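Heads up: the structure comes next, in structure tokens.
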Amino acid sequence: MLEFFCFFGTIRWRGEENMTDIKYLEAKANEIRKWILTEVYTAGSGHIGGALSIADIVSVLYFKEMSINSKNPTWVDRDRFVLSKGHTCPALYAALAMKGFFDAKELYKLRNIESNLEGHPALGKIPGVDMSTGSLGQGLSVASGMALAGKMDKKDYRVYVIMGDGEMGEGQIWEATLTAAHYKLDNICAFLDDNGLQIDGKTSEVKNVEPLDKKFEAFGWNVIKIDGHDVKCIINALDEAKRLKEKPTLILAKTIKGKGVSFMENQAGWHGKAPNKEEYDKAMAELEEGI
């Protein structure tokens, strides 16, 4: 198992260009968080806590890592992305709009009957969405199928997945974990958003699934542990995942539910709750200060 201790200086960065990239990606993550707040506030419903916790990962994937084309969303050689924790789609929708897959004005219509931006991503309705998700536990199975197809077709694309720690209690996750290891799908890179909370409270109390790193290793995966809010860590982990062969890779990202908004952080109550006007204004002000 690899573990990147970004705060202690073991990762080396050289040149101004790298630091410029970091600032750029941090700014994009901040913009994604603002859109998440705006989408859920405007809709009056939606899942905000877990969307905020994956914003940094989504920023790196969409603005640095993945080979995708907003002018040709179904490009056969594109990298694939599966948001297994589909309820956190406000983060995905924000990134897609910012990348030009659809007009950002649509973000104001989240969960609107006249919009395609449903409460969970819908394949065929939203450009850039590679799989309909929402029923927790299914994303890794779909991603394994995509990755296996890539191997069979001798394609170079990679498949990225974001899963939640709450869905680790689903049996299908572990079936898919076995499948990906069995077929040596080194073109899969899965992130586990380990924020420690789900709708009913602490994951350790609802259904304790620890130690996740040891479990995935026992199932035949490479495991990389990182701070899921440190852009440098995310980039380095993705680079390492591409170098690791013959096994799928899990990036176990320690995160904070509600990251970026002080009164939402580490609060299970913000799993699926929309802010009121006062809360929205306060949250946006905090994100403005965090730029």
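By order in the structure tokens, chains are A, B, ...; within a chain, residues start at 1; ligands start at 1, following the order shown.
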
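Counting only C-alpha atoms, range 140-154 of chain A has the following residues at most 7 Å away, ignoring those fewer than 5 positions along the same chain: Val82, Ser84, Val159, Val161, Ile173, Ala176, Ala180, Leu185, Asn187 and Ile188 of chain A.
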
All helix (DSSP H, G or I) residues (DSSP, backbone) inside range 61-227 of chain A, as number ranges by chain: A: 61-65, 86-98, 104-109, 139-152, 165-169, 171-182, 203-206, 212-218

Atom pair CA of Met1 in chain A / CA of Lys247 in chain A: separation (Å):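 Atom-to-atom, CA of Met1 in chain A and CA of Lys247 in chain A are spaced 12.4 Å apart.
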
Residue neighbourhood Ile199 in chain A, 9 Å, only C-alpha atoms, exclusion window fewer than 2 positions, as JSON, numbers by chain: {"A": [166, 197, 201, 202, 268, 269, 270, 271, 272]}

Pick from A:Gly86, A:Gly290, A:Ala253, A:His120, whichever lies nearest to Ala27 in chain A using only C-alpha atoms: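 Nearest candidate to Ala27 in chain A out of A:Gly86, A:Gly290, A:Ala253, A:His120: A:Gly290.
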
Nearby residues (only C-alpha atoms) at most 10 Å from range 71-73 of chain A, same-chain spacing under 4 positions excluded, as a PyMOL selection string: chain A and resi 78+100-102+126-130

Looking only at strand (DSSP E) from DSSP on the backbone, list the matching residues of range 28-155 of chain A as a CSV table (one decimal) with C-alpha atoms, in the first residue's frame.
chain,number,residue,atom,x,y,z
A,80,ARG,CA,-14.9,7.0,-18.8
A,81,PHE,CA,-16.2,8.3,-15.5
A,82,VAL,CA,-18.8,6.6,-13.3
A,83,LEU,CA,-20.2,8.5,-10.3

CA of Ile224 in chain A to CA of Gly164 in chain A, distance in Å rounded to a single decimal: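 Separation between CA of Ile224 in chain A and CA of Gly164 in chain A: 15.9 Å.
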
Point-to-point distance in Å for CA of Leu136 in chain A and CA of Arg111 in chain A: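 About the pair CA of Arg111 in chain A and CA of Leu136 in chain A: they are 19.1 Å apart.
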
With a cut-off of 10 Å, could you pull out the residues of range 122-191 of chain A touching range 234-242 of chain A and give me the nearest pair of atoms for each, distance in Å to one decimal, using only C-alpha atoms, ordered by chain and ascending number, as JSON lines?
{"residue": "A:Arg158", "atom": "CA", "partner": "A:Lys242", "partner_atom": "CA", "distance": 9.0}
{"residue": "A:Asp186", "atom": "CA", "partner": "A:Lys242", "partner_atom": "CA", "distance": 7.8}
{"residue": "A:Asn187", "atom": "CA", "partner": "A:Lys242", "partner_atom": "CA", "distance": 7.7}
{"residue": "A:Ile188", "atom": "CA", "partner": "A:Ala241", "partner_atom": "CA", "distance": 8.8}
{"residue": "A:Cys189", "atom": "CA", "partner": "A:Ala241", "partner_atom": "CA", "distance": 6.9}
{"residue": "A:Ala190", "atom": "CA", "partner": "A:Ala241", "partner_atom": "CA", "distance": 9.7}
{"residue": "A:Phe191", "atom": "CA", "partner": "A:Ile234", "partner_atom": "CA", "distance": 9.8}

Write out as a tab-separated table the residues of range 237-280 of chain A that have any atom within 8 Å of an atom of range 42-53 of chain A, one row each with the nearest atom pair and its distance in Å to one decimal, counting only C-alpha atoms, sorted by chain and then rising number.
residue	atom	partner	partner_atom	distance
A:Thr255	CA	A:Ser53	CA	6.0
A:Ile256	CA	A:Ser53	CA	5.6
A:Lys257	CA	A:Ser53	CA	5.0
A:Gly258	CA	A:Gly49	CA	4.1
A:Lys259	CA	A:Ser53	CA	5.2
A:Gly260	CA	A:Leu52	CA	7.2
A:Met264	CA	A:Gly49	CA	7.0
A:Glu265	CA	A:Gly49	CA	7.7
A:Gln267	CA	A:Gly49	CA	7.9
A:Ala268	CA	A:Gly49	CA	7.7
A:Trp270	CA	A:Gly49	CA	5.2
A:His271	CA	A:Gly49	CA	4.8
A:Gly272	CA	A:His47	CA	4.0
A:Lys273	CA	A:Ser45	CA	6.1
A:Ala274	CA	A:Ser45	CA	5.0
A:Pro275	CA	A:Gly44	CA	7.6

Selection: 12 Å around Gly119 in chain A, only C-alpha atoms, excl. self and same-chain fewer than 2 positions, as JSON, numbers by chain: {"A": [39, 40, 43, 44, 45, 46, 47, 48, 85, 86, 87, 88, 89, 90, 91, 92, 93, 107, 109, 110, 111, 112, 113, 115, 116, 117, 121, 122, 132, 133, 134, 135, 272]}

List every residue of range 107-208 of chain A that has an atom at most 10 Å from any atom of range 214-220 of chain A, and for each one report the closest atom pair and its distance in Å to one decimal, counting only C-alpha atoms, with rows sorted by chain and then by increasing residue number, as CSV.
residue,atom,partner,partner_atom,distance
A:Trp174,CA,A:Phe219,CA,8.3
A:Glu175,CA,A:Phe219,CA,9.7
A:Thr177,CA,A:Phe219,CA,6.7
A:Leu178,CA,A:Phe219,CA,6.0
A:Thr179,CA,A:Phe219,CA,9.4
A:Ala180,CA,A:Gly220,CA,8.7
A:Ala181,CA,A:Gly220,CA,5.4
A:His182,CA,A:Gly220,CA,8.0
A:Lys184,CA,A:Gly220,CA,8.9

For C-alpha atoms, I'd like the residues from the last selection saved as a tab-separated table (two decimals), in the first residue's frame.
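Saved result, part-v6.tsv, follows:
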chain	number	residue	atom	x	y	z
A	174	TRP	CA	-17.12	-6.63	-3.30
A	175	GLU	CA	-18.21	-8.83	-6.19
A	177	THR	CA	-13.78	-5.76	-6.57
A	178	LEU	CA	-13.08	-9.46	-7.11
A	179	THR	CA	-13.95	-9.22	-10.80
A	180	ALA	CA	-11.65	-6.27	-11.47
A	181	ALA	CA	-8.75	-8.00	-9.71
A	182	HIS	CA	-9.40	-11.32	-11.46
A	184	LYS	CA	-6.21	-7.57	-13.90
